[in-house]
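See below for start_34.cif, which holds mmCIF, C-alpha atoms, pLDDT in the B column; chains and numbers go by the auth columns.
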```
data_coords
#
loop_
_atom_site.group_PDB
_atom_site.id
_atom_site.type_symbol
_atom_site.label_atom_id
_atom_site.label_comp_id
_atom_site.label_asym_id
_atom_site.label_seq_id
_atom_site.Cartn_x
_atom_site.Cartn_y
_atom_site.Cartn_z
_atom_site.B_iso_or_equiv
_atom_site.auth_seq_id
_atom_site.auth_asym_id
ATOM 1 C CA MET A 1 104.067 187.824 167.270 46.00 1400 O
ATOM 2 C CA SER A 2 107.005 186.424 165.415 46.00 1401 O
ATOM 3 C CA ASP A 3 107.083 183.480 163.040 50.00 1402 O
ATOM 4 C CA ASN A 4 106.991 180.339 165.185 51.00 1403 O
ATOM 5 C CA SER A 5 109.652 178.660 163.054 55.00 1404 O
ATOM 6 C CA THR A 6 112.293 181.184 164.157 67.00 1405 O
ATOM 7 C CA SER A 7 111.272 181.830 167.750 75.00 1406 O
ATOM 8 C CA PRO A 8 112.687 179.747 170.630 81.00 1407 O
ATOM 9 C CA ALA A 9 110.864 176.447 171.246 87.00 1408 O
ATOM 10 C CA GLY A 10 108.515 177.012 168.331 85.00 1409 O
ATOM 11 C CA GLY A 11 106.818 180.040 169.862 92.00 1410 O
ATOM 12 C CA ALA A 12 105.988 178.471 173.224 96.00 1411 O
ATOM 13 C CA PHE A 13 107.422 181.547 174.968 96.00 1412 O
ATOM 14 C CA ASP A 14 106.115 184.293 172.676 96.00 1413 O
ATOM 15 C CA ASP A 15 103.645 185.486 175.328 96.00 1414 O
ATOM 16 C CA VAL A 16 106.343 186.054 177.957 96.00 1415 O
ATOM 17 C CA PHE A 17 108.765 187.662 175.494 95.00 1416 O
ATOM 18 C CA ALA A 18 106.000 190.034 174.360 96.00 1417 O
ATOM 19 C CA ALA A 19 105.163 190.851 177.983 97.00 1418 O
ATOM 20 C CA ASN A 20 108.823 191.613 178.604 97.00 1419 O
ATOM 21 C CA ALA A 21 108.899 194.006 175.678 95.00 1420 O
ATOM 22 C CA ALA A 22 106.003 195.913 177.276 95.00 1421 O
ATOM 23 C CA TYR A 23 107.714 195.750 180.695 96.00 1422 O
ATOM 24 C CA THR A 24 110.864 197.397 179.385 96.00 1423 O
ATOM 25 C CA ALA A 25 108.873 200.442 178.302 95.00 1424 O
ATOM 26 C CA ASN A 26 108.400 201.414 181.973 93.00 1425 O
ATOM 27 C CA PHE A 27 111.404 199.674 183.520 96.00 1426 O
ATOM 28 C CA SER A 28 112.233 201.340 186.828 94.00 1427 O
ATOM 29 C CA LEU A 29 114.827 199.104 188.476 96.00 1428 O
ATOM 30 C CA LYS A 30 117.880 200.458 186.677 95.00 1429 O
ATOM 31 C CA GLY A 31 120.558 201.311 189.199 94.00 1430 O
ATOM 32 C CA LEU A 32 119.110 199.098 191.930 95.00 1431 O
ATOM 33 C CA LYS A 33 121.984 197.766 194.009 94.00 1432 O
ATOM 34 C CA PRO A 34 122.431 193.969 194.120 95.00 1433 O
ATOM 35 C CA ILE A 35 122.283 193.841 197.928 97.00 1434 O
ATOM 36 C CA ALA A 36 119.316 192.976 200.132 98.00 1435 O
ATOM 37 C CA GLY A 37 118.275 196.476 201.176 98.00 1436 O
ATOM 38 C CA ARG A 38 116.418 195.213 204.256 98.00 1437 O
ATOM 39 C CA GLY A 39 118.926 192.446 204.957 98.00 1438 O
ATOM 40 C CA LEU A 40 116.391 189.658 204.452 98.00 1439 O
ATOM 41 C CA ALA A 41 116.821 186.303 202.753 98.00 1440 O
ATOM 42 C CA LEU A 42 113.538 184.494 202.233 98.00 1441 O
ATOM 43 C CA VAL A 43 113.424 180.761 201.549 98.00 1442 O
ATOM 44 C CA THR A 44 109.984 179.894 200.216 98.00 1443 O
ATOM 45 C CA CYS A 45 108.234 177.555 197.836 97.00 1444 O
ATOM 46 C CA MET A 46 107.949 177.913 194.079 97.00 1445 O
ATOM 47 C CA ASP A 47 104.147 177.730 194.407 97.00 1446 O
ATOM 48 C CA SER A 48 102.542 180.412 192.236 96.00 1447 O
ATOM 49 C CA ARG A 49 100.084 181.306 195.023 97.00 1448 O
ATOM 50 C CA ILE A 50 102.950 182.969 196.895 98.00 1449 O
ATOM 51 C CA GLU A 51 103.768 186.605 196.161 97.00 1450 O
ATOM 52 C CA PRO A 52 106.858 187.146 198.333 97.00 1451 O
ATOM 53 C CA LEU A 53 107.224 190.902 197.996 97.00 1452 O
ATOM 54 C CA ASP A 54 103.583 191.847 198.509 97.00 1453 O
ATOM 55 C CA MET A 55 102.895 189.451 201.375 97.00 1454 O
ATOM 56 C CA LEU A 56 105.842 190.757 203.406 98.00 1455 O
ATOM 57 C CA GLY A 57 105.532 194.460 202.579 98.00 1456 O
ATOM 58 C CA LEU A 58 108.702 194.404 200.506 98.00 1457 O
ATOM 59 C CA VAL A 59 109.738 196.128 197.304 97.00 1458 O
ATOM 60 C CA PRO A 60 112.320 195.058 194.715 97.00 1459 O
ATOM 61 C CA GLY A 61 115.783 195.223 196.240 97.00 1460 O
ATOM 62 C CA ASP A 62 114.663 194.580 199.825 98.00 1461 O
ATOM 63 C CA ALA A 63 115.372 190.846 199.966 98.00 1462 O
ATOM 64 C CA LYS A 64 117.035 187.873 198.362 98.00 1463 O
ATOM 65 C CA ILE A 65 114.322 185.366 197.534 98.00 1464 O
ATOM 66 C CA LEU A 66 115.208 181.684 197.217 98.00 1465 O
ATOM 67 C CA ARG A 67 112.434 179.479 195.882 98.00 1466 O
ATOM 68 C CA ASN A 68 112.238 175.733 195.449 97.00 1467 O
ATOM 69 C CA ALA A 69 109.710 172.935 195.742 95.00 1468 O
ATOM 70 C CA GLY A 70 108.631 172.788 199.378 95.00 1469 O
ATOM 71 C CA ALA A 71 110.725 175.733 200.647 97.00 1470 O
ATOM 72 C CA ARG A 72 113.420 173.273 201.694 97.00 1471 O
ATOM 73 C CA VAL A 73 116.934 174.141 202.815 98.00 1472 O
ATOM 74 C CA THR A 74 118.967 172.064 200.388 97.00 1473 O
ATOM 75 C CA ASP A 75 122.716 172.135 199.857 97.00 1474 O
ATOM 76 C CA ASP A 76 122.146 174.628 197.046 97.00 1475 O
ATOM 77 C CA THR A 77 120.058 176.827 199.361 98.00 1476 O
ATOM 78 C CA LEU A 78 122.908 176.805 201.884 98.00 1477 O
ATOM 79 C CA ARG A 79 125.429 177.690 199.160 98.00 1478 O
ATOM 80 C CA THR A 80 123.239 180.603 198.107 98.00 1479 O
ATOM 81 C CA LEU A 81 122.748 181.789 201.695 98.00 1480 O
ATOM 82 C CA VAL A 82 126.503 181.819 202.294 98.00 1481 O
ATOM 83 C CA LEU A 83 126.929 184.057 199.240 98.00 1482 O
ATOM 84 C CA ALA A 84 123.991 186.237 200.261 98.00 1483 O
ATOM 85 C CA VAL A 85 125.297 186.749 203.799 98.00 1484 O
ATOM 86 C CA TYR A 86 128.869 187.580 202.865 98.00 1485 O
ATOM 87 C CA LEU A 87 128.418 189.350 199.540 98.00 1486 O
ATOM 88 C CA LEU A 88 124.830 190.589 199.252 98.00 1487 O
ATOM 89 C CA GLY A 89 123.906 192.229 202.555 98.00 1488 O
ATOM 90 C CA VAL A 90 121.787 189.482 204.100 98.00 1489 O
ATOM 91 C CA ASP A 91 121.748 189.565 207.894 98.00 1490 O
ATOM 92 C CA ARG A 92 118.593 187.519 208.654 98.00 1491 O
ATOM 93 C CA VAL A 93 116.814 184.511 207.142 98.00 1492 O
ATOM 94 C CA LEU A 94 113.133 183.590 207.071 98.00 1493 O
ATOM 95 C CA ILE A 95 112.050 180.105 205.986 98.00 1494 O
ATOM 96 C CA LEU A 96 108.451 180.181 204.800 98.00 1495 O
ATOM 97 C CA PRO A 97 106.705 177.011 203.656 97.00 1496 O
ATOM 98 C CA HIS A 98 102.954 177.139 203.015 97.00 1497 O
ATOM 99 C CA THR A 99 99.719 175.309 203.638 96.00 1498 O
ATOM 100 C CA ARG A 100 98.423 172.791 201.112 94.00 1499 O
ATOM 101 C CA CYS A 101 101.903 172.224 199.682 93.00 1500 O
ATOM 102 C CA LYS A 102 102.158 169.245 197.348 89.00 1501 O
ATOM 103 C CA MET A 103 105.644 168.451 198.674 87.00 1502 O
ATOM 104 C CA ALA A 104 104.219 168.121 202.207 88.00 1503 O
ATOM 105 C CA SER A 105 101.214 166.037 201.137 88.00 1504 O
ATOM 106 C CA VAL A 106 103.020 163.025 199.713 87.00 1505 O
ATOM 107 C CA PRO A 107 104.393 160.344 202.014 86.00 1506 O
ATOM 108 C CA SER A 108 107.888 160.124 200.552 92.00 1507 O
ATOM 109 C CA ASP A 109 110.244 160.784 197.664 91.00 1508 O
ATOM 110 C CA ASP A 110 109.593 157.191 196.613 95.00 1509 O
ATOM 111 C CA ALA A 111 105.893 157.997 196.201 93.00 1510 O
ATOM 112 C CA VAL A 112 106.748 160.938 193.921 92.00 1511 O
ATOM 113 C CA HIS A 113 109.191 158.825 191.917 95.00 1512 O
ATOM 114 C CA ASP A 114 106.548 156.108 191.549 94.00 1513 O
ATOM 115 C CA LEU A 115 103.856 158.582 190.504 93.00 1514 O
ATOM 116 C CA ILE A 116 106.033 160.173 187.823 95.00 1515 O
ATOM 117 C CA GLN A 117 107.138 156.750 186.592 96.00 1516 O
ATOM 118 C CA GLN A 118 103.551 155.483 186.393 96.00 1517 O
ATOM 119 C CA GLU A 119 102.038 158.614 184.869 96.00 1518 O
ATOM 120 C CA TYR A 120 104.830 159.695 182.514 97.00 1519 O
ATOM 121 C CA GLY A 121 107.230 156.765 182.185 97.00 1520 O
ATOM 122 C CA VAL A 122 110.145 158.838 183.480 97.00 1521 O
ATOM 123 C CA ASP A 123 112.532 157.443 186.080 97.00 1522 O
ATOM 124 C CA THR A 124 113.408 160.310 188.431 97.00 1523 O
ATOM 125 C CA ARG A 125 115.263 158.287 191.067 96.00 1524 O
ATOM 126 C CA SER A 126 118.480 160.205 190.414 96.00 1525 O
ATOM 127 C CA LEU A 127 116.838 163.240 192.068 95.00 1526 O
ATOM 128 C CA GLU A 128 116.028 164.040 195.671 91.00 1527 O
ATOM 129 C CA PHE A 129 112.714 165.873 196.025 91.00 1528 O
ATOM 130 C CA HIS A 130 112.997 166.486 199.793 90.00 1529 O
ATOM 131 C CA THR A 131 109.370 165.590 200.440 88.00 1530 O
ATOM 132 C CA ASN A 132 108.241 165.479 204.039 87.00 1531 O
ATOM 133 C CA ASN A 133 104.665 165.057 205.188 86.00 1532 O
ATOM 134 C CA ASP A 134 105.683 166.400 208.606 91.00 1533 O
ATOM 135 C CA GLN A 135 105.904 169.996 207.436 93.00 1534 O
ATOM 136 C CA LEU A 136 106.691 171.458 210.851 95.00 1535 O
ATOM 137 C CA GLY A 137 109.322 168.775 211.452 95.00 1536 O
ATOM 138 C CA ALA A 138 110.898 169.609 208.092 95.00 1537 O
ATOM 139 C CA LEU A 139 110.831 173.315 208.963 97.00 1538 O
ATOM 140 C CA ARG A 140 112.513 172.623 212.315 97.00 1539 O
ATOM 141 C CA HIS A 141 115.175 170.533 210.559 97.00 1540 O
ATOM 142 C CA ASP A 142 115.814 173.242 207.961 97.00 1541 O
ATOM 143 C CA LEU A 143 116.076 175.982 210.591 98.00 1542 O
ATOM 144 C CA GLU A 144 118.688 173.912 212.391 97.00 1543 O
ATOM 145 C CA ARG A 145 120.638 173.332 209.168 97.00 1544 O
ATOM 146 C CA ILE A 146 121.050 177.089 208.809 98.00 1545 O
ATOM 147 C CA ARG A 147 121.634 177.809 212.487 97.00 1546 O
ATOM 148 C CA HIS A 148 124.444 175.252 212.695 97.00 1547 O
ATOM 149 C CA HIS A 149 126.044 175.606 209.297 98.00 1548 O
ATOM 150 C CA PRO A 150 129.777 176.149 209.826 98.00 1549 O
ATOM 151 C CA LEU A 151 130.069 178.757 207.073 98.00 1550 O
ATOM 152 C CA LEU A 152 127.223 180.964 208.273 98.00 1551 O
ATOM 153 C CA PRO A 153 127.769 183.457 211.105 98.00 1552 O
ATOM 154 C CA HIS A 154 127.012 182.253 214.625 96.00 1553 O
ATOM 155 C CA GLY A 155 123.946 184.105 215.876 96.00 1554 O
ATOM 156 C CA LEU A 156 122.525 184.838 212.406 98.00 1555 O
ATOM 157 C CA PRO A 157 118.822 185.521 213.061 98.00 1556 O
ATOM 158 C CA VAL A 158 116.832 182.667 211.512 98.00 1557 O
ATOM 159 C CA ALA A 159 113.055 182.289 211.811 98.00 1558 O
ATOM 160 C CA GLY A 160 110.345 180.062 210.439 98.00 1559 O
ATOM 161 C CA ALA A 161 106.724 180.712 209.615 98.00 1560 O
ATOM 162 C CA VAL A 162 103.958 179.104 207.585 98.00 1561 O
ATOM 163 C CA TYR A 163 102.046 180.999 204.895 98.00 1562 O
ATOM 164 C CA ASP A 164 98.351 180.191 204.531 98.00 1563 O
ATOM 165 C CA VAL A 165 97.505 180.107 200.819 97.00 1564 O
ATOM 166 C CA ASP A 166 93.793 180.500 201.601 97.00 1565 O
ATOM 167 C CA THR A 167 94.013 183.635 203.766 98.00 1566 O
ATOM 168 C CA GLY A 168 97.418 185.199 203.033 97.00 1567 O
ATOM 169 C CA ALA A 169 98.265 185.099 206.745 98.00 1568 O
ATOM 170 C CA ILE A 170 101.718 184.210 208.004 98.00 1569 O
ATOM 171 C CA SER A 171 101.994 182.296 211.284 97.00 1570 O
ATOM 172 C CA PRO A 172 105.415 182.466 212.941 98.00 1571 O
ATOM 173 C CA VAL A 173 106.665 179.144 214.293 96.00 1572 O
ATOM 174 C CA ASP A 174 108.929 179.155 217.329 86.00 1573 O
ATOM 175 C CA PHE A 175 111.319 176.221 217.729 79.00 1574 O
#
```
Take the structure I supplied and represent it as structure tokens, if you would.
Amino acid sequence: MSDNSTSPAGGAFDDVFAANAAYTANFSLKGLKPIAGRGLALVTCMDSRIEPLDMLGLVPGDAKILRNAGARVTDDTLRTLVLAVYLLGVDRVLILPHTRCKMASVPSDDAVHDLIQQEYGVDTRSLEFHTNNDQLGALRHDLERIRHHPLLPHGLPVAGAVYDVDTGAISPVDF
């Protein structure tokens, strides 16, 4: 490892930079096209228990994967989906929240703001966390945001499902 005084953030990332150096020795994605080879955009959570490619039988290049806290369809998600549909070969969208999600277990954004303020002394009220303890209601809302977005094609196939972090199973949800 390098001298911590010259590495970014005092060496806090040395492990990942070293892993990348090993990764490049067998890098196999050169030449992969930037389109979604199977036409899929996946909106899922940032939770580290989710392995999007493996759980859906995908390989690199098959899908555009959008991850955020709670698998929510935010304005930025919509912006990214518009780009993915028109420029990156996406022709279907799957929204996939998961069981035991922290963002679905808190009563409100205010509760998250209060917790962070109390525990860390940081005022986060300038942010929207998009919490919703009605996970299926939030999923229904997010599906409708995509289905009725004026910049996305009418009839774009959009589906929702819930991933079970304890079994790996995906349960489609029909709204």
Sorted by chain and rising residue number, list the residues of segment 1500-1543 of chain O at most 12 Å from segment 1441-1455 of chain O (counting all atoms listed in the file), each with its closest atom pair and distance in Å to one decimal, as JSON lines.
```
{"residue": "O:Cys1500", "atom": "CA", "partner": "O:Asp1446", "partner_atom": "CA", "distance": 7.9}
{"residue": "O:Lys1501", "atom": "CA", "partner": "O:Asp1446", "partner_atom": "CA", "distance": 9.2}
{"residue": "O:Met1502", "atom": "CA", "partner": "O:Cys1444", "partner_atom": "CA", "distance": 9.5}
{"residue": "O:Ala1503", "atom": "CA", "partner": "O:Cys1444", "partner_atom": "CA", "distance": 11.1}
{"residue": "O:Leu1538", "atom": "CA", "partner": "O:Val1442", "partner_atom": "CA", "distance": 10.8}
{"residue": "O:Asp1541", "atom": "CA", "partner": "O:Val1442", "partner_atom": "CA", "distance": 10.2}
{"residue": "O:Leu1542", "atom": "CA", "partner": "O:Val1442", "partner_atom": "CA", "distance": 10.6}
```
Problem - Residue list as a PyMOL selection string for point (95.8, 179.6, 205.1), cut-off 12 Å, all atoms listed in the file - result: chain O and resi 1448-1449+1496-1500+1560-1570
Keeping only C-alpha atoms, write the selected residues to a file as a CSV table (one decimal), in the coordinates of the input.
```csv
chain,number,residue,atom,x,y,z
O,1448,ARG,CA,100.1,181.3,195.0
O,1449,ILE,CA,103.0,183.0,196.9
O,1496,PRO,CA,106.7,177.0,203.7
O,1497,HIS,CA,103.0,177.1,203.0
O,1498,THR,CA,99.7,175.3,203.6
O,1499,ARG,CA,98.4,172.8,201.1
O,1500,CYS,CA,101.9,172.2,199.7
O,1560,ALA,CA,106.7,180.7,209.6
O,1561,VAL,CA,104.0,179.1,207.6
O,1562,TYR,CA,102.0,181.0,204.9
O,1563,ASP,CA,98.4,180.2,204.5
O,1564,VAL,CA,97.5,180.1,200.8
O,1565,ASP,CA,93.8,180.5,201.6
O,1566,THR,CA,94.0,183.6,203.8
O,1567,GLY,CA,97.4,185.2,203.0
O,1568,ALA,CA,98.3,185.1,206.7
O,1569,ILE,CA,101.7,184.2,208.0
O,1570,SER,CA,102.0,182.3,211.3
```
Handout entry: Using all atoms listed in the file: which of O:Thr1479, O:Tyr1485, O:Lys1429, O:Val1472 has the shortest distance to Pro1459 of chain O
Key =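 Of O:Thr1479, O:Tyr1485, O:Lys1429, O:Val1472, the one nearest Pro1459 of chain O is O:Lys1429, counting all atoms listed in the file.
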Practice task
Could you tell me which residues the PyMOL selection byres ((chain O and resi 1437) around 10) grabs in this file, written as a ChimeraX atom specification?
Solution key: /O:1434-1436,1438-1440,1457-1458,1460-1463,1488-1491
Exercise for the section: I would like the residues chosen by the PyMOL selection byres ((chain O and resi 1574) around 8) on the shown file; could you give them as a list in words? Expected result: Arg1539, Val1572 and Asp1573 of chain O
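The residue that comes closest to Ser1507 of chain O, out of O:Ala1417, O:Phe1528, O:Leu1431, O:Tyr1422 and on the basis of all atoms listed in the file, is O:Phe1528.
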Handout entry: atom CA of Leu1551 of chain O to atom CA of Leu1526 of chain O, distance in Å rounded to a single decimal
Key =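 Between atom CA of Leu1551 of chain O and atom CA of Leu1526 of chain O the gap works out to 26.2 Å.
Candidate residues O:Ser1427, O:Asn1419, O:Ser1406, O:Thr1473 were compared for distance to Glu1527 of chain O, and the nearest is O:Thr1473, using only C-alpha atoms.
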Any chance you could tabulate, as a Markdown table, the residues of segment 1478-1507 of chain O at most 6 Å from segment 1553-1559 of chain O with each one's nearest atom pair and distance in Å to one decimal, using all atoms listed in the file, in chain and rising number order?
```
| residue | atom | partner | partner_atom | distance |
| --- | --- | --- | --- | --- |
| O:Arg1491 | CA | O:Pro1556 | CA | 4.8 |
| O:Val1492 | CA | O:Val1557 | CA | 4.7 |
| O:Leu1493 | CA | O:Ala1558 | CA | 4.9 |
| O:Ile1494 | CA | O:Gly1559 | CA | 4.8 |
| O:Leu1495 | CA | O:Gly1559 | CA | 5.9 |
```
Practice task
Go ahead and compute the interatomic distance for atom CA of Val1511 of chain O and atom CA of His1529 of chain O, in Å to one decimal.
Solution key: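 So the two atoms, atom CA of Val1511 of chain O and atom CA of His1529 of chain O, lie 10.2 Å apart.
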Completion exercise
As a check of understanding: the span from atom CA of Pro1549 of chain O to atom CA of Gly1536 of chain O is 21.8 Å
Hey, what's within 12 Å of Arg1524 of chain O if we count only C-alpha atoms and toss same-chain stuff fewer than 4 positions away? As a PDB file with C-alpha atoms, in the frame of the given file, please?
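Listing of part24.pdb after writing:
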```
ATOM      1  CA  ASP O1508     110.244 160.784 197.664  1.00 91.00           C
ATOM      2  CA  ASP O1509     109.593 157.191 196.613  1.00 95.00           C
ATOM      3  CA  ALA O1510     105.893 157.997 196.201  1.00 93.00           C
ATOM      4  CA  VAL O1511     106.748 160.938 193.921  1.00 92.00           C
ATOM      5  CA  HIS O1512     109.191 158.825 191.917  1.00 95.00           C
ATOM      6  CA  ASP O1513     106.548 156.108 191.549  1.00 94.00           C
ATOM      7  CA  LEU O1514     103.856 158.582 190.504  1.00 93.00           C
ATOM      8  CA  ILE O1515     106.033 160.173 187.823  1.00 95.00           C
ATOM      9  CA  GLN O1516     107.138 156.750 186.592  1.00 96.00           C
ATOM     10  CA  PHE O1528     112.714 165.873 196.025  1.00 91.00           C
TER      11      PHE O1528
END
```
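Counting only C-alpha atoms and comparing O:His1548, O:Ile1464, O:Gln1534, O:Lys1432, the residue that lies closest to Val1481 of chain O is O:His1548.
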Practice task
Between O:Leu1428, O:Pro1506, O:Leu1487, O:Thr1476, single out the one closest to Asp1533 of chain O, counting only C-alpha atoms.
Solution key: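 With only C-alpha atoms as the atom set, the closest residue is O:Pro1506.
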Produce segment 1410-1436 of chain O of the given structure as output with N, CA and C atoms, as a CSV table (one decimal), in the first residue's frame.
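Below you can see decode.csv, which holds the result:
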```csv
chain,number,residue,atom,x,y,z
O,1410,GLY,N,-5.6,7.5,2.9
O,1410,GLY,CA,-5.5,6.0,2.8
O,1410,GLY,C,-6.8,5.3,3.0
O,1411,ALA,N,-7.9,6.0,3.3
O,1411,ALA,CA,-9.2,5.4,3.6
O,1411,ALA,C,-9.7,4.5,2.4
O,1412,PHE,N,-9.2,4.8,1.2
O,1412,PHE,CA,-9.7,4.0,0.1
O,1412,PHE,C,-8.6,3.1,-0.5
O,1413,ASP,N,-7.5,2.9,0.2
O,1413,ASP,CA,-6.4,2.1,-0.3
O,1413,ASP,C,-6.9,0.7,-0.7
O,1414,ASP,N,-7.8,0.1,0.1
O,1414,ASP,CA,-8.3,-1.3,-0.1
O,1414,ASP,C,-9.0,-1.4,-1.5
O,1415,VAL,N,-9.9,-0.4,-1.8
O,1415,VAL,CA,-10.6,-0.4,-3.0
O,1415,VAL,C,-9.8,-0.1,-4.2
O,1416,PHE,N,-8.8,0.8,-4.1
O,1416,PHE,CA,-7.9,1.1,-5.2
O,1416,PHE,C,-7.0,-0.2,-5.5
O,1417,ALA,N,-6.6,-0.9,-4.4
O,1417,ALA,CA,-5.8,-2.1,-4.6
O,1417,ALA,C,-6.6,-3.2,-5.3
O,1418,ALA,N,-7.9,-3.3,-4.9
O,1418,ALA,CA,-8.7,-4.3,-5.5
O,1418,ALA,C,-9.0,-3.9,-7.0
O,1419,ASN,N,-9.0,-2.7,-7.3
O,1419,ASN,CA,-9.2,-2.3,-8.7
O,1419,ASN,C,-8.0,-2.6,-9.5
O,1420,ALA,N,-6.8,-2.5,-8.9
O,1420,ALA,CA,-5.6,-2.8,-9.6
O,1420,ALA,C,-5.6,-4.3,-10.0
O,1421,ALA,N,-6.1,-5.2,-9.1
O,1421,ALA,CA,-6.2,-6.6,-9.4
O,1421,ALA,C,-7.3,-6.8,-10.4
O,1422,TYR,N,-8.4,-6.1,-10.3
O,1422,TYR,CA,-9.5,-6.3,-11.3
O,1422,TYR,C,-9.0,-6.0,-12.7
O,1423,THR,N,-8.2,-5.0,-12.9
O,1423,THR,CA,-7.8,-4.6,-14.2
O,1423,THR,C,-6.9,-5.7,-14.9
O,1424,ALA,N,-6.3,-6.5,-14.1
O,1424,ALA,CA,-5.5,-7.6,-14.7
O,1424,ALA,C,-6.3,-8.6,-15.5
O,1425,ASN,N,-7.6,-8.7,-15.2
O,1425,ASN,CA,-8.5,-9.7,-15.9
O,1425,ASN,C,-9.7,-8.9,-16.5
O,1426,PHE,N,-9.6,-7.7,-16.8
O,1426,PHE,CA,-10.7,-6.9,-17.2
O,1426,PHE,C,-11.3,-7.4,-18.5
O,1427,SER,N,-12.6,-7.6,-18.6
O,1427,SER,CA,-13.2,-8.3,-19.7
O,1427,SER,C,-14.3,-7.5,-20.4
O,1428,LEU,N,-14.6,-6.3,-19.9
O,1428,LEU,CA,-15.7,-5.5,-20.4
O,1428,LEU,C,-15.3,-4.5,-21.5
O,1429,LYS,N,-14.1,-4.5,-21.9
O,1429,LYS,CA,-13.7,-3.6,-23.0
O,1429,LYS,C,-14.5,-3.8,-24.2
O,1430,GLY,N,-15.0,-2.8,-24.8
O,1430,GLY,CA,-15.8,-2.9,-26.0
O,1430,GLY,C,-17.3,-3.1,-25.8
O,1431,LEU,N,-17.7,-3.3,-24.5
O,1431,LEU,CA,-19.1,-3.4,-24.2
O,1431,LEU,C,-19.8,-2.1,-24.6
O,1432,LYS,N,-20.9,-2.3,-25.3
O,1432,LYS,CA,-21.7,-1.1,-25.8
O,1432,LYS,C,-22.4,-0.5,-24.6
O,1433,PRO,N,-22.6,0.8,-24.6
O,1433,PRO,CA,-23.3,1.5,-23.5
O,1433,PRO,C,-24.8,1.4,-23.5
O,1434,ILE,N,-25.3,0.5,-24.3
O,1434,ILE,CA,-26.8,0.4,-24.3
O,1434,ILE,C,-27.2,-0.8,-23.4
O,1435,ALA,N,-28.5,-0.8,-23.0
O,1435,ALA,CA,-29.0,-1.9,-22.2
O,1435,ALA,C,-29.3,-3.1,-23.2
O,1436,GLY,N,-28.5,-4.1,-23.2
O,1436,GLY,CA,-28.6,-5.2,-24.2
O,1436,GLY,C,-29.9,-5.9,-24.1
```
